[in-house]
Amino acid sequence: MDNINTLDELFEKWIEKQNEENPKDYLPKEIPAYSFDKDGYVCKDEYENSKTRILFIGKEKYKFWKTDQKVNAKHVSTLIGEYLGCNRGLTEDEAIKFNIKWNEIDKGFWLKNVTENESYKETMYSKRVAMLTNAIMSEKFDEPDKSHEVLRKIATINLNKRGGFNRCRWDVLEEYTRRYAKFINREIELLKPDIIVCLSKDVRWFFDEGILEAPSETKVIAVFHPSYIAKDEKHLEKLRDELKGAGITWVTQNKK
């Protein structure tokens, strides 16, 4: 791993390793074995030149639909460019077909797309991540600032690069994270964050258990998941408490 010096090199090796797995071992089976979502910095130059490098770590990208999951035909056909079913639960064949089609066209990660493509609308997730970033950068926690331009200064990774459904399965996430921990840790090392913001206590658990490791000078905190239904003020209060608990009082100062 030490001889891998770029994210592109890392992802290439990671994909090779993932493709060595037996497709029958993938859980759940509707997820194509070859699925892999690259992530990292939203804008390399702005992230590397930021006074404080902030890395957000989430569980997995919501990407796939599963058997018996109810779908809206219009929504599905818009996503894959092909009419599929009606307003009912998917059959196994339909779920597999849809996920393969989606994997072929969905090549970016959401926060990057929000900043670069007007067709990608801001969501609660992107707005909350922007709000948390603005609060860290400015140390202002009393005025929720959701302007998304700041997203260009951050990096974000998902633990499970294969992707998941609208609800994360812990057994799948833990198995994947343990299996590819050395790749995840190398991605973190290459990004050289000053602060790692775990998007839920579940993500923080992997650091607490020693499965994932942060660079020696990096602070690790955990906040509520951006989609957690609570007022913005509660999310900001949690962030402020975590920063204080980690002794982070230098976020607006110039880097050495």
# chains A, B, ... in the order shown; residues from 1 in each chain; ligands from 1
$ select_by_dssp --residues "range 131-178 of chain A" --states "strand (DSSP E or B)" --output "CSV table (one decimal) with N, CA, C and O atoms, in the first residue's frame"
chain,number,residue,atom,x,y,z
A,155,ALA,N,-13.4,16.7,1.4
A,155,ALA,CA,-13.3,15.4,0.8
A,155,ALA,C,-14.4,14.5,1.5
A,155,ALA,O,-14.7,14.8,2.7
A,156,THR,N,-14.8,13.5,0.8
A,156,THR,CA,-15.8,12.6,1.4
A,156,THR,C,-15.6,11.2,0.9
A,156,THR,O,-15.3,11.0,-0.3
A,157,ILE,N,-15.7,10.2,1.7
A,157,ILE,CA,-15.6,8.8,1.3
A,157,ILE,C,-16.8,8.0,1.9
A,157,ILE,O,-17.3,8.4,3.0
A,158,ASN,N,-17.1,7.0,1.3
A,158,ASN,CA,-18.1,6.0,1.8
A,158,ASN,C,-17.3,4.7,2.1
A,158,ASN,O,-16.4,4.3,1.3
A,159,LEU,N,-17.6,4.1,3.2
A,159,LEU,CA,-16.8,2.9,3.5
A,159,LEU,C,-17.1,1.8,2.5
A,159,LEU,O,-16.2,1.1,2.0
A,160,ASN,N,-18.4,1.5,2.2
A,160,ASN,CA,-18.7,0.5,1.3
A,160,ASN,C,-18.8,1.1,-0.1
A,160,ASN,O,-19.7,1.7,-0.5
A,161,LYS,N,-17.7,0.9,-0.9
A,161,LYS,CA,-17.7,1.4,-2.3
A,161,LYS,C,-18.6,0.7,-3.2
A,161,LYS,O,-18.9,1.2,-4.3
A,162,ARG,N,-19.2,-0.4,-2.8
A,162,ARG,CA,-20.0,-1.2,-3.7
A,162,ARG,C,-21.4,-0.5,-3.8
A,162,ARG,O,-22.1,-0.7,-4.7
A,163,GLY,N,-21.8,0.2,-2.7
A,163,GLY,CA,-23.1,0.8,-2.7
A,163,GLY,C,-24.1,0.0,-1.9
A,163,GLY,O,-23.9,-1.2,-1.7
A,164,GLY,N,-25.2,0.6,-1.6
A,164,GLY,CA,-26.3,-0.1,-0.8
A,164,GLY,C,-27.7,0.4,-1.1
A,164,GLY,O,-27.9,1.1,-2.1
$ residues_around --residues "range 133-142 of chain A" --least-positions-apart "6" --cutoff "9 Å" --atoms "only C-alpha atoms" --output "PDB file with N, CA and C atoms, in the first residue's frame"
ATOM      1  N   LYS A  51      -7.419  25.809   4.547  1.00  0.00           N
ATOM      2  CA  LYS A  51      -6.752  26.000   5.835  1.00  0.00           C
ATOM      3  C   LYS A  51      -6.934  24.783   6.725  1.00  0.00           C
ATOM      4  N   THR A  52      -8.090  24.157   6.600  1.00  0.00           N
ATOM      5  CA  THR A  52      -8.376  22.953   7.366  1.00  0.00           C
ATOM      6  C   THR A  52      -8.960  21.911   6.431  1.00  0.00           C
ATOM      7  N   ILE A  54     -11.000  18.880   5.756  1.00  0.00           N
ATOM      8  CA  ILE A  54     -12.085  18.168   6.435  1.00  0.00           C
ATOM      9  C   ILE A  54     -12.518  16.990   5.574  1.00  0.00           C
ATOM     10  N   HIS A 148     -23.614  25.925  -0.616  1.00  0.00           N
ATOM     11  CA  HIS A 148     -22.916  24.693  -0.976  1.00  0.00           C
ATOM     12  C   HIS A 148     -21.566  24.910  -1.648  1.00  0.00           C
ATOM     13  N   VAL A 150     -18.936  25.796  -0.396  1.00  0.00           N
ATOM     14  CA  VAL A 150     -17.886  25.315   0.503  1.00  0.00           C
ATOM     15  C   VAL A 150     -17.591  23.832   0.298  1.00  0.00           C
ATOM     16  N   LEU A 151     -18.513  23.108  -0.331  1.00  0.00           N
ATOM     17  CA  LEU A 151     -18.306  21.676  -0.552  1.00  0.00           C
ATOM     18  C   LEU A 151     -17.079  21.402  -1.417  1.00  0.00           C
ATOM     19  N   LYS A 153     -14.274  22.471  -0.954  1.00  0.00           N
ATOM     20  CA  LYS A 153     -13.088  22.462  -0.093  1.00  0.00           C
ATOM     21  C   LYS A 153     -12.944  21.176   0.723  1.00  0.00           C
ATOM     22  N   ILE A 154     -13.903  20.253   0.604  1.00  0.00           N
ATOM     23  CA  ILE A 154     -13.882  19.074   1.461  1.00  0.00           C
ATOM     24  C   ILE A 154     -13.584  17.803   0.660  1.00  0.00           C
ATOM     25  N   GLU A 233     -30.280  23.307  14.387  1.00  0.00           N
ATOM     26  CA  GLU A 233     -29.624  23.731  15.622  1.00  0.00           C
ATOM     27  C   GLU A 233     -29.122  22.542  16.428  1.00  0.00           C
ATOM     28  N   LEU A 236     -25.958  21.274  14.785  1.00  0.00           N
ATOM     29  CA  LEU A 236     -24.843  22.185  15.062  1.00  0.00           C
ATOM     30  C   LEU A 236     -24.387  22.083  16.516  1.00  0.00           C
ATOM     31  N   GLU A 237     -25.322  21.873  17.405  1.00  0.00           N
ATOM     32  CA  GLU A 237     -24.955  21.700  18.811  1.00  0.00           C
ATOM     33  C   GLU A 237     -24.106  20.452  19.006  1.00  0.00           C
ATOM     34  N   LEU A 239     -22.213  19.050  16.722  1.00  0.00           N
ATOM     35  CA  LEU A 239     -20.913  19.344  16.127  1.00  0.00           C
ATOM     36  C   LEU A 239     -20.054  20.160  17.084  1.00  0.00           C
ATOM     37  N   ARG A 240     -20.616  21.185  17.665  1.00  0.00           N
ATOM     38  CA  ARG A 240     -19.867  22.045  18.582  1.00  0.00           C
ATOM     39  C   ARG A 240     -19.352  21.256  19.778  1.00  0.00           C
ATOM     40  N   LEU A 243     -16.409  18.985  18.610  1.00  0.00           N
ATOM     41  CA  LEU A 243     -15.186  19.762  18.384  1.00  0.00           C
ATOM     42  C   LEU A 243     -14.548  20.147  19.718  1.00  0.00           C
ATOM     43  N   THR A 249      -9.734  23.751  18.452  1.00  0.00           N
ATOM     44  CA  THR A 249      -9.991  25.184  18.581  1.00  0.00           C
ATOM     45  C   THR A 249      -9.170  25.976  17.574  1.00  0.00           C
ATOM     46  N   VAL A 251      -9.329  25.572  14.037  1.00  0.00           N
ATOM     47  CA  VAL A 251      -9.766  25.272  12.668  1.00  0.00           C
ATOM     48  C   VAL A 251      -9.664  26.454  11.723  1.00  0.00           C
ATOM     49  N   THR A 252      -9.699  27.679  12.233  1.00  0.00           N
ATOM     50  CA  THR A 252      -9.634  28.829  11.328  1.00  0.00           C
ATOM     51  C   THR A 252      -8.236  29.392  11.214  1.00  0.00           C
TER      52      THR A 252
END
$ closest_residue --among "A:Lys24, A:Lys38, A:Lys63, A:His235" --to "Asp8 in chain A" --atoms "only C-alpha atoms"
A:Lys38
$ residues_around --residues "Asp106 in chain A" --least-positions-apart "3" --cutoff "12 Å" --atoms "only C-alpha atoms" --output "JSON list (two decimals) with all heavy atoms, in the first residue's frame"
[["chain", "number", "residue", "atom", "x", "y", "z"],
["A", 35, "SER", "N", -19.77, -3.44, -9.11],
["A", 35, "SER", "CA", -20.09, -2.06, -8.74],
["A", 35, "SER", "C", -19.01, -1.46, -7.86],
["A", 35, "SER", "O", -18.56, -2.07, -6.89],
["A", 35, "SER", "CB", -21.43, -2.02, -8.00],
["A", 35, "SER", "OG", -21.69, -0.71, -7.51],
["A", 36, "PHE", "N", -18.60, -0.24, -8.18],
["A", 36, "PHE", "CA", -17.57, 0.45, -7.38],
["A", 36, "PHE", "C", -17.72, 1.94, -7.59],
["A", 36, "PHE", "O", -17.73, 2.42, -8.73],
["A", 36, "PHE", "CB", -16.17, 0.01, -7.80],
["A", 36, "PHE", "CG", -15.09, 0.54, -6.90],
["A", 36, "PHE", "CD1", -14.64, -0.22, -5.82],
["A", 36, "PHE", "CD2", -14.52, 1.78, -7.12],
["A", 36, "PHE", "CE1", -13.63, 0.27, -4.98],
["A", 36, "PHE", "CE2", -13.52, 2.27, -6.29],
["A", 36, "PHE", "CZ", -13.08, 1.51, -5.22],
["A", 37, "ASP", "N", -17.86, 2.69, -6.50],
["A", 37, "ASP", "CA", -18.02, 4.14, -6.57],
["A", 37, "ASP", "C", -16.77, 4.85, -6.08],
["A", 37, "ASP", "O", -16.41, 4.74, -4.91],
["A", 37, "ASP", "CB", -19.23, 4.59, -5.74],
["A", 37, "ASP", "CG", -20.54, 4.27, -6.42],
["A", 37, "ASP", "OD1", -20.72, 4.69, -7.57],
["A", 37, "ASP", "OD2", -21.38, 3.58, -5.80],
["A", 38, "LYS", "N", -16.11, 5.56, -6.97],
["A", 38, "LYS", "CA", -14.95, 6.35, -6.60],
["A", 38, "LYS", "C", -15.41, 7.61, -5.87],
["A", 38, "LYS", "O", -16.43, 8.19, -6.22],
["A", 38, "LYS", "CB", -14.14, 6.72, -7.84],
["A", 38, "LYS", "CG", -13.59, 5.52, -8.60],
["A", 38, "LYS", "CD", -12.83, 5.96, -9.84],
["A", 38, "LYS", "CE", -12.30, 4.76, -10.61],
["A", 38, "LYS", "NZ", -11.55, 5.16, -11.83],
["A", 61, "LYS", "N", -23.09, 4.57, -0.33],
["A", 61, "LYS", "CA", -23.93, 5.36, -1.22],
["A", 61, "LYS", "C", -25.23, 4.60, -1.45],
["A", 61, "LYS", "O", -25.23, 3.41, -1.74],
["A", 61, "LYS", "CB", -23.21, 5.58, -2.54],
["A", 61, "LYS", "CG", -23.99, 6.39, -3.56],
["A", 61, "LYS", "CD", -23.15, 6.59, -4.81],
["A", 61, "LYS", "CE", -23.90, 7.39, -5.86],
["A", 61, "LYS", "NZ", -23.08, 7.62, -7.07],
["A", 62, "TYR", "N", -26.36, 5.32, -1.30],
["A", 62, "TYR", "CA", -27.64, 4.70, -1.64],
["A", 62, "TYR", "C", -27.73, 4.64, -3.15],
["A", 62, "TYR", "O", -27.86, 5.63, -3.81],
["A", 62, "TYR", "CB", -28.79, 5.53, -1.05],
["A", 62, "TYR", "CG", -30.17, 5.15, -1.56],
["A", 62, "TYR", "CD1", -30.49, 3.83, -1.86],
["A", 62, "TYR", "CD2", -31.15, 6.11, -1.73],
["A", 62, "TYR", "CE1", -31.75, 3.48, -2.32],
["A", 62, "TYR", "CE2", -32.42, 5.78, -2.19],
["A", 62, "TYR", "CZ", -32.71, 4.46, -2.48],
["A", 62, "TYR", "OH", -33.96, 4.12, -2.94],
["A", 63, "LYS", "N", -27.66, 3.43, -3.67],
["A", 63, "LYS", "CA", -27.55, 3.28, -5.11],
["A", 63, "LYS", "C", -28.46, 2.21, -5.69],
["A", 63, "LYS", "O", -28.86, 2.30, -6.85],
["A", 63, "LYS", "CB", -26.09, 2.96, -5.46],
["A", 63, "LYS", "CG", -25.80, 2.92, -6.95],
["A", 63, "LYS", "CD", -24.32, 2.74, -7.19],
["A", 63, "LYS", "CE", -24.01, 2.77, -8.68],
["A", 63, "LYS", "NZ", -22.59, 2.57, -8.94],
["A", 64, "PHE", "N", -28.79, 1.23, -4.90],
["A", 64, "PHE", "CA", -29.46, 0.07, -5.47],
["A", 64, "PHE", "C", -30.87, -0.16, -4.94],
["A", 64, "PHE", "O", -31.23, 0.27, -3.86],
["A", 64, "PHE", "CB", -28.60, -1.18, -5.22],
["A", 64, "PHE", "CG", -27.29, -1.11, -5.92],
["A", 64, "PHE", "CD1", -26.13, -0.81, -5.22],
["A", 64, "PHE", "CD2", -27.21, -1.30, -7.28],
["A", 64, "PHE", "CE1", -24.92, -0.72, -5.87],
["A", 64, "PHE", "CE2", -26.00, -1.21, -7.95],
["A", 64, "PHE", "CZ", -24.85, -0.93, -7.23],
["A", 79, "LEU", "N", -34.43, 7.52, -14.40],
["A", 79, "LEU", "CA", -33.07, 7.23, -13.97],
["A", 79, "LEU", "C", -32.30, 6.40, -14.99],
["A", 79, "LEU", "O", -31.13, 6.67, -15.25],
["A", 79, "LEU", "CB", -33.09, 6.50, -12.63],
["A", 79, "LEU", "CG", -33.42, 7.34, -11.39],
["A", 79, "LEU", "CD1", -33.63, 6.44, -10.18],
["A", 79, "LEU", "CD2", -32.32, 8.35, -11.11],
["A", 80, "ILE", "N", -32.93, 5.41, -15.56],
["A", 80, "ILE", "CA", -32.19, 4.49, -16.43],
["A", 80, "ILE", "C", -32.52, 4.67, -17.91],
["A", 80, "ILE", "O", -31.94, 3.99, -18.76],
["A", 80, "ILE", "CB", -32.43, 3.02, -16.04],
["A", 80, "ILE", "CG1", -33.89, 2.60, -16.32],
["A", 80, "ILE", "CG2", -32.06, 2.78, -14.60],
["A", 80, "ILE", "CD1", -34.14, 1.12, -16.11],
["A", 98, "PHE", "N", -32.34, -3.32, -13.28],
["A", 98, "PHE", "CA", -32.31, -1.90, -12.97],
["A", 98, "PHE", "C", -30.97, -1.50, -12.37],
["A", 98, "PHE", "O", -30.38, -0.48, -12.74],
["A", 98, "PHE", "CB", -33.44, -1.56, -12.00],
["A", 98, "PHE", "CG", -33.35, -0.16, -11.45],
["A", 98, "PHE", "CD1", -33.44, 0.94, -12.28],
["A", 98, "PHE", "CD2", -33.15, 0.04, -10.09],
["A", 98, "PHE", "CE1", -33.35, 2.23, -11.78],
["A", 98, "PHE", "CE2", -33.06, 1.33, -9.58],
["A", 98, "PHE", "CZ", -33.16, 2.42, -10.42],
["A", 99, "ASN", "N", -30.46, -2.29, -11.44],
["A", 99, "ASN", "CA", -29.20, -1.95, -10.78],
["A", 99, "ASN", "C", -28.02, -1.97, -11.75],
["A", 99, "ASN", "O", -27.11, -1.15, -11.65],
["A", 99, "ASN", "CB", -28.96, -2.90, -9.61],
["A", 99, "ASN", "CG", -29.91, -2.66, -8.46],
["A", 99, "ASN", "OD1", -30.37, -1.54, -8.26],
["A", 99, "ASN", "ND2", -30.25, -3.70, -7.71],
["A", 100, "ILE", "N", -28.02, -2.90, -12.69],
["A", 100, "ILE", "CA", -26.97, -2.94, -13.70],
["A", 100, "ILE", "C", -27.03, -1.68, -14.57],
["A", 100, "ILE", "O", -26.02, -1.04, -14.83],
["A", 100, "ILE", "CB", -27.09, -4.20, -14.56],
["A", 100, "ILE", "CG1", -26.74, -5.44, -13.72],
["A", 100, "ILE", "CG2", -26.19, -4.10, -15.78],
["A", 100, "ILE", "CD1", -26.96, -6.75, -14.45],
["A", 101, "LYS", "N", -28.25, -1.31, -14.97],
["A", 101, "LYS", "CA", -28.42, -0.10, -15.79],
["A", 101, "LYS", "C", -27.96, 1.14, -15.03],
["A", 101, "LYS", "O", -27.27, 2.01, -15.58],
["A", 101, "LYS", "CB", -29.89, 0.04, -16.18],
["A", 101, "LYS", "CG", -30.37, -0.93, -17.23],
["A", 101, "LYS", "CD", -29.94, -0.47, -18.62],
["A", 101, "LYS", "CE", -30.57, -1.33, -19.70],
["A", 101, "LYS", "NZ", -30.18, -0.86, -21.05],
["A", 102, "TRP", "N", -28.36, 1.24, -13.77],
["A", 102, "TRP", "CA", -28.02, 2.41, -12.96],
["A", 102, "TRP", "C", -26.51, 2.50, -12.77],
["A", 102, "TRP", "O", -25.91, 3.56, -12.83],
["A", 102, "TRP", "CB", -28.75, 2.35, -11.63],
["A", 102, "TRP", "CG", -28.74, 3.65, -10.87],
["A", 102, "TRP", "CD1", -28.11, 4.81, -11.21],
["A", 102, "TRP", "CD2", -29.40, 3.90, -9.65],
["A", 102, "TRP", "NE1", -28.33, 5.78, -10.28],
["A", 102, "TRP", "CE2", -29.13, 5.25, -9.30],
["A", 102, "TRP", "CE3", -30.20, 3.15, -8.80],
["A", 102, "TRP", "CZ2", -29.62, 5.84, -8.14],
["A", 102, "TRP", "CZ3", -30.70, 3.74, -7.65],
["A", 102, "TRP", "CH2", -30.41, 5.05, -7.32],
["A", 103, "ASN", "N", -25.89, 1.36, -12.52],
["A", 103, "ASN", "CA", -24.45, 1.35, -12.32],
["A", 103, "ASN", "C", -23.71, 1.84, -13.56],
["A", 103, "ASN", "O", -22.65, 2.47, -13.46],
["A", 103, "ASN", "CB", -23.98, -0.07, -11.96],
["A", 103, "ASN", "CG", -22.54, -0.10, -11.48],
["A", 103, "ASN", "OD1", -22.25, 0.29, -10.37],
["A", 103, "ASN", "ND2", -21.64, -0.56, -12.34],
["A", 109, "PHE", "N", -19.90, 10.91, -7.49],
["A", 109, "PHE", "CA", -20.49, 10.87, -6.16],
["A", 109, "PHE", "C", -21.25, 12.17, -5.94],
["A", 109, "PHE", "O", -20.93, 13.21, -6.50],
["A", 109, "PHE", "CB", -19.47, 10.56, -5.06],
["A", 109, "PHE", "CG", -18.36, 11.55, -4.88],
["A", 109, "PHE", "CD1", -18.44, 12.55, -3.92],
["A", 109, "PHE", "CD2", -17.20, 11.46, -5.64],
["A", 109, "PHE", "CE1", -17.40, 13.44, -3.72],
["A", 109, "PHE", "CE2", -16.15, 12.35, -5.46],
["A", 109, "PHE", "CZ", -16.24, 13.34, -4.50],
["A", 110, "TRP", "N", -22.28, 12.09, -5.12],
["A", 110, "TRP", "CA", -23.33, 13.10, -5.09],
["A", 110, "TRP", "C", -22.82, 14.51, -4.82],
["A", 110, "TRP", "O", -23.16, 15.46, -5.52],
["A", 110, "TRP", "CB", -24.40, 12.71, -4.08],
["A", 110, "TRP", "CG", -25.59, 13.62, -4.16],
["A", 110, "TRP", "CD1", -25.87, 14.73, -3.40],
["A", 110, "TRP", "CD2", -26.64, 13.55, -5.12],
["A", 110, "TRP", "NE1", -27.04, 15.32, -3.81],
["A", 110, "TRP", "CE2", -27.53, 14.61, -4.87],
["A", 110, "TRP", "CE3", -26.93, 12.67, -6.17],
["A", 110, "TRP", "CZ2", -28.69, 14.82, -5.62],
["A", 110, "TRP", "CZ3", -28.08, 12.87, -6.91],
["A", 110, "TRP", "CH2", -28.94, 13.94, -6.64],
["A", 113, "ASN", "N", -21.17, 16.03, -7.76],
["A", 113, "ASN", "CA", -22.14, 16.34, -8.80],
["A", 113, "ASN", "C", -22.94, 17.60, -8.47],
["A", 113, "ASN", "O", -23.27, 18.39, -9.36],
["A", 113, "ASN", "CB", -23.09, 15.16, -9.01],
["A", 113, "ASN", "CG", -22.42, 13.99, -9.71],
["A", 113, "ASN", "OD1", -21.49, 14.18, -10.48],
["A", 113, "ASN", "ND2", -22.88, 12.79, -9.42],
["A", 120, "TYR", "N", -28.16, 18.25, -10.88],
["A", 120, "TYR", "CA", -28.21, 17.60, -9.57],
["A", 120, "TYR", "C", -28.65, 18.62, -8.53],
["A", 120, "TYR", "O", -27.93, 19.58, -8.24],
["A", 120, "TYR", "CB", -26.84, 17.03, -9.20],
["A", 120, "TYR", "CG", -26.50, 15.75, -9.90],
["A", 120, "TYR", "CD1", -26.01, 15.76, -11.20],
["A", 120, "TYR", "CD2", -26.68, 14.52, -9.28],
["A", 120, "TYR", "CE1", -25.70, 14.58, -11.86],
["A", 120, "TYR", "CE2", -26.37, 13.34, -9.92],
["A", 120, "TYR", "CZ", -25.88, 13.38, -11.21],
["A", 120, "TYR", "OH", -25.57, 12.21, -11.85],
["A", 163, "GLY", "N", -21.80, 0.19, -2.70],
["A", 163, "GLY", "CA", -23.11, 0.83, -2.67],
["A", 163, "GLY", "C", -24.12, -0.02, -1.94],
["A", 163, "GLY", "O", -23.91, -1.21, -1.69]]
$ select_by_dssp --residues "range 18-256 of chain A" --states "helix (DSSP H, G or I)" --output "count of residues only"
103
$ closest_residue --among "A:Arg169, A:Lys231, A:Lys112, A:Lys219" --to "Pro193 in chain A" --atoms "only C-alpha atoms"
A:Lys219
$ closest_residue --among "A:Lys182, A:Lys244, A:Lys17, A:Arg152" --to "Thr115 in chain A" --atoms "only C-alpha atoms"
A:Arg152
$ residues_around --residues "Arg204 in chain A" --least-positions-apart "3" --cutoff "12 Å" --atoms "only C-alpha atoms" --output "ChimeraX atom specification"
/A:56-59,159,196-201,207-214,219-225
$ write_last_selection --atoms "N, CA and C atoms" --output "short mmCIF file (atom, residue, chain, number, x, y, z; two decimals), in the first residue's frame"
data_model
loop_
_atom_site.label_atom_id
_atom_site.label_comp_id
_atom_site.auth_asym_id
_atom_site.auth_seq_id
_atom_site.Cartn_x
_atom_site.Cartn_y
_atom_site.Cartn_z
N PHE A 56 -15.25 13.94 5.40
CA PHE A 56 -16.48 13.34 5.89
C PHE A 56 -16.50 11.88 5.48
N ILE A 57 -16.83 11.01 6.44
CA ILE A 57 -16.90 9.57 6.14
C ILE A 57 -18.30 9.06 6.43
N GLY A 58 -18.92 8.48 5.40
CA GLY A 58 -20.24 7.90 5.53
C GLY A 58 -20.20 6.39 5.37
N LYS A 59 -21.34 5.77 5.46
CA LYS A 59 -21.41 4.31 5.40
C LYS A 59 -21.32 3.80 3.96
N LEU A 159 -17.56 4.09 3.20
CA LEU A 159 -16.84 2.88 3.54
C LEU A 159 -17.10 1.77 2.53
N ILE A 196 -11.47 14.35 10.71
CA ILE A 196 -12.37 13.36 10.14
C ILE A 196 -13.71 13.50 10.83
N VAL A 197 -14.75 13.72 10.04
CA VAL A 197 -16.10 13.84 10.59
C VAL A 197 -16.86 12.57 10.21
N CYS A 198 -17.09 11.72 11.20
CA CYS A 198 -17.85 10.49 10.97
C CYS A 198 -19.34 10.82 10.95
N LEU A 199 -20.00 10.42 9.89
CA LEU A 199 -21.42 10.73 9.75
C LEU A 199 -22.26 9.65 10.41
N SER A 200 -22.17 9.59 11.70
CA SER A 200 -22.91 8.70 12.60
C SER A 200 -21.92 8.02 13.54
N LYS A 201 -22.42 7.61 14.68
CA LYS A 201 -21.59 6.89 15.65
C LYS A 201 -21.19 5.52 15.14
N PHE A 207 -13.32 3.19 14.00
CA PHE A 207 -12.09 3.78 14.54
C PHE A 207 -11.88 3.36 15.99
N ASP A 208 -12.94 3.36 16.76
CA ASP A 208 -12.84 2.98 18.18
C ASP A 208 -12.35 1.54 18.33
N GLU A 209 -12.75 0.67 17.39
CA GLU A 209 -12.38 -0.74 17.43
C GLU A 209 -11.02 -1.01 16.81
N GLY A 210 -10.40 0.00 16.22
CA GLY A 210 -9.08 -0.18 15.62
C GLY A 210 -9.11 -0.79 14.24
N ILE A 211 -10.29 -0.93 13.66
CA ILE A 211 -10.40 -1.46 12.30
C ILE A 211 -9.93 -0.42 11.30
N LEU A 212 -10.30 0.83 11.56
CA LEU A 212 -9.82 1.96 10.77
C LEU A 212 -8.90 2.81 11.63
N GLU A 213 -7.93 3.46 10.99
CA GLU A 213 -6.96 4.27 11.72
C GLU A 213 -6.85 5.65 11.10
N ALA A 214 -6.77 6.65 11.95
CA ALA A 214 -6.58 8.02 11.49
C ALA A 214 -5.10 8.38 11.62
N LYS A 219 -7.76 14.65 14.02
CA LYS A 219 -8.81 14.54 15.02
C LYS A 219 -10.01 13.83 14.41
N VAL A 220 -10.64 12.94 15.19
CA VAL A 220 -11.81 12.19 14.72
C VAL A 220 -13.01 12.54 15.59
N ILE A 221 -14.08 12.99 14.96
CA ILE A 221 -15.31 13.29 15.68
C ILE A 221 -16.47 12.58 14.99
N ALA A 222 -17.60 12.50 15.68
CA ALA A 222 -18.79 11.88 15.10
C ALA A 222 -19.98 12.82 15.29
N VAL A 223 -20.74 13.01 14.24
CA VAL A 223 -21.93 13.86 14.29
C VAL A 223 -23.15 13.04 13.89
N PHE A 224 -24.32 13.65 14.00
CA PHE A 224 -25.52 12.98 13.53
C PHE A 224 -25.44 12.83 12.00
N HIS A 225 -26.05 11.78 11.50
CA HIS A 225 -26.12 11.65 10.04
C HIS A 225 -26.89 12.83 9.49
#
$ atom_distance --atom1 "CA of Tyr125 in chain A" --atom2 "CA of Pro226 in chain A"
5.1 Å
$ residues_around --residues "range 11-13 of chain A" --least-positions-apart "5" --cutoff "12 Å" --atoms "only C-alpha atoms" --output "CSV table (one decimal) with N, CA and C atoms, in the first residue's frame"
chain,number,residue,atom,x,y,z
A,1,MET,N,0.8,-1.2,0.0
A,1,MET,CA,0.0,0.0,0.0
A,1,MET,C,0.9,1.3,0.0
A,3,ASN,N,3.4,2.0,-1.6
A,3,ASN,CA,3.9,2.5,-2.9
A,3,ASN,C,2.7,3.0,-3.8
A,4,ILE,N,1.5,3.1,-3.3
A,4,ILE,CA,0.4,3.7,-4.0
A,4,ILE,C,0.3,5.2,-3.5
A,5,ASN,N,0.4,6.1,-4.5
A,5,ASN,CA,0.5,7.5,-4.1
A,5,ASN,C,-0.6,8.4,-4.6
A,6,THR,N,-1.5,7.8,-5.3
A,6,THR,CA,-2.7,8.6,-5.8
A,6,THR,C,-4.0,7.8,-5.6
A,18,GLN,N,-11.6,-6.3,-5.5
A,18,GLN,CA,-13.0,-6.6,-5.3
A,18,GLN,C,-13.5,-7.6,-6.4
A,19,ASN,N,-13.0,-7.4,-7.6
A,19,ASN,CA,-13.4,-8.3,-8.7
A,19,ASN,C,-12.9,-9.8,-8.5
A,20,GLU,N,-12.0,-10.0,-7.6
A,20,GLU,CA,-11.5,-11.3,-7.3
A,20,GLU,C,-12.5,-12.1,-6.5
A,36,PHE,N,-18.6,-0.2,-8.2
A,36,PHE,CA,-17.6,0.4,-7.4
A,36,PHE,C,-17.7,1.9,-7.6
A,37,ASP,N,-17.9,2.7,-6.5
A,37,ASP,CA,-18.0,4.1,-6.6
A,37,ASP,C,-16.8,4.8,-6.1
A,38,LYS,N,-16.1,5.6,-7.0
A,38,LYS,CA,-15.0,6.3,-6.6
A,38,LYS,C,-15.4,7.6,-5.9
A,39,ASP,N,-14.6,8.0,-4.9
A,39,ASP,CA,-15.0,9.2,-4.2
A,39,ASP,C,-13.7,10.0,-3.8
A,40,GLY,N,-13.7,10.8,-2.8
A,40,GLY,CA,-12.5,11.5,-2.4
A,40,GLY,C,-12.7,13.0,-2.3
A,161,LYS,N,-17.7,0.9,-0.9
A,161,LYS,CA,-17.7,1.4,-2.3
A,161,LYS,C,-18.6,0.7,-3.2
A,180,TYR,N,-11.8,-4.6,3.4
A,180,TYR,CA,-11.0,-3.6,2.7
A,180,TYR,C,-10.5,-2.5,3.5
A,182,LYS,N,-7.5,-2.0,4.8
A,182,LYS,CA,-6.2,-1.5,4.4
A,182,LYS,C,-6.4,-0.5,3.2
A,183,PHE,N,-7.4,-0.7,2.3
A,183,PHE,CA,-7.6,0.2,1.2
A,183,PHE,C,-8.2,1.5,1.8
A,184,ILE,N,-9.2,1.4,2.7
A,184,ILE,CA,-9.8,2.6,3.3
A,184,ILE,C,-8.8,3.4,4.0
A,186,ARG,N,-5.6,3.5,3.5
A,186,ARG,CA,-4.7,4.2,2.6
A,186,ARG,C,-5.4,5.4,2.0
A,187,GLU,N,-6.7,5.3,1.7
A,187,GLU,CA,-7.4,6.4,1.1
A,187,GLU,C,-7.4,7.6,2.1
A,190,LEU,N,-3.9,9.2,2.1
A,190,LEU,CA,-3.6,10.0,0.9
A,190,LEU,C,-4.3,11.3,0.9
$ atom_distance --atom1 "CA of Pro215 in chain A" --atom2 "CA of Glu9 in chain A"
20.1 Å
$ atom_distance --atom1 "CA of Leu191 in chain A" --atom2 "CA of Ile105 in chain A"
26.6 Å
$ closest_residue --among "A:Asp25, A:Glu94, A:Glu104, A:Glu149" --to "Cys43 in chain A" --atoms "only C-alpha atoms"
A:Glu149
$ closest_residue --among "A:Pro28, A:Gly247, A:Lys66, A:Asp232" --to "Ala130 in chain A" --atoms "only C-alpha atoms"
A:Asp232
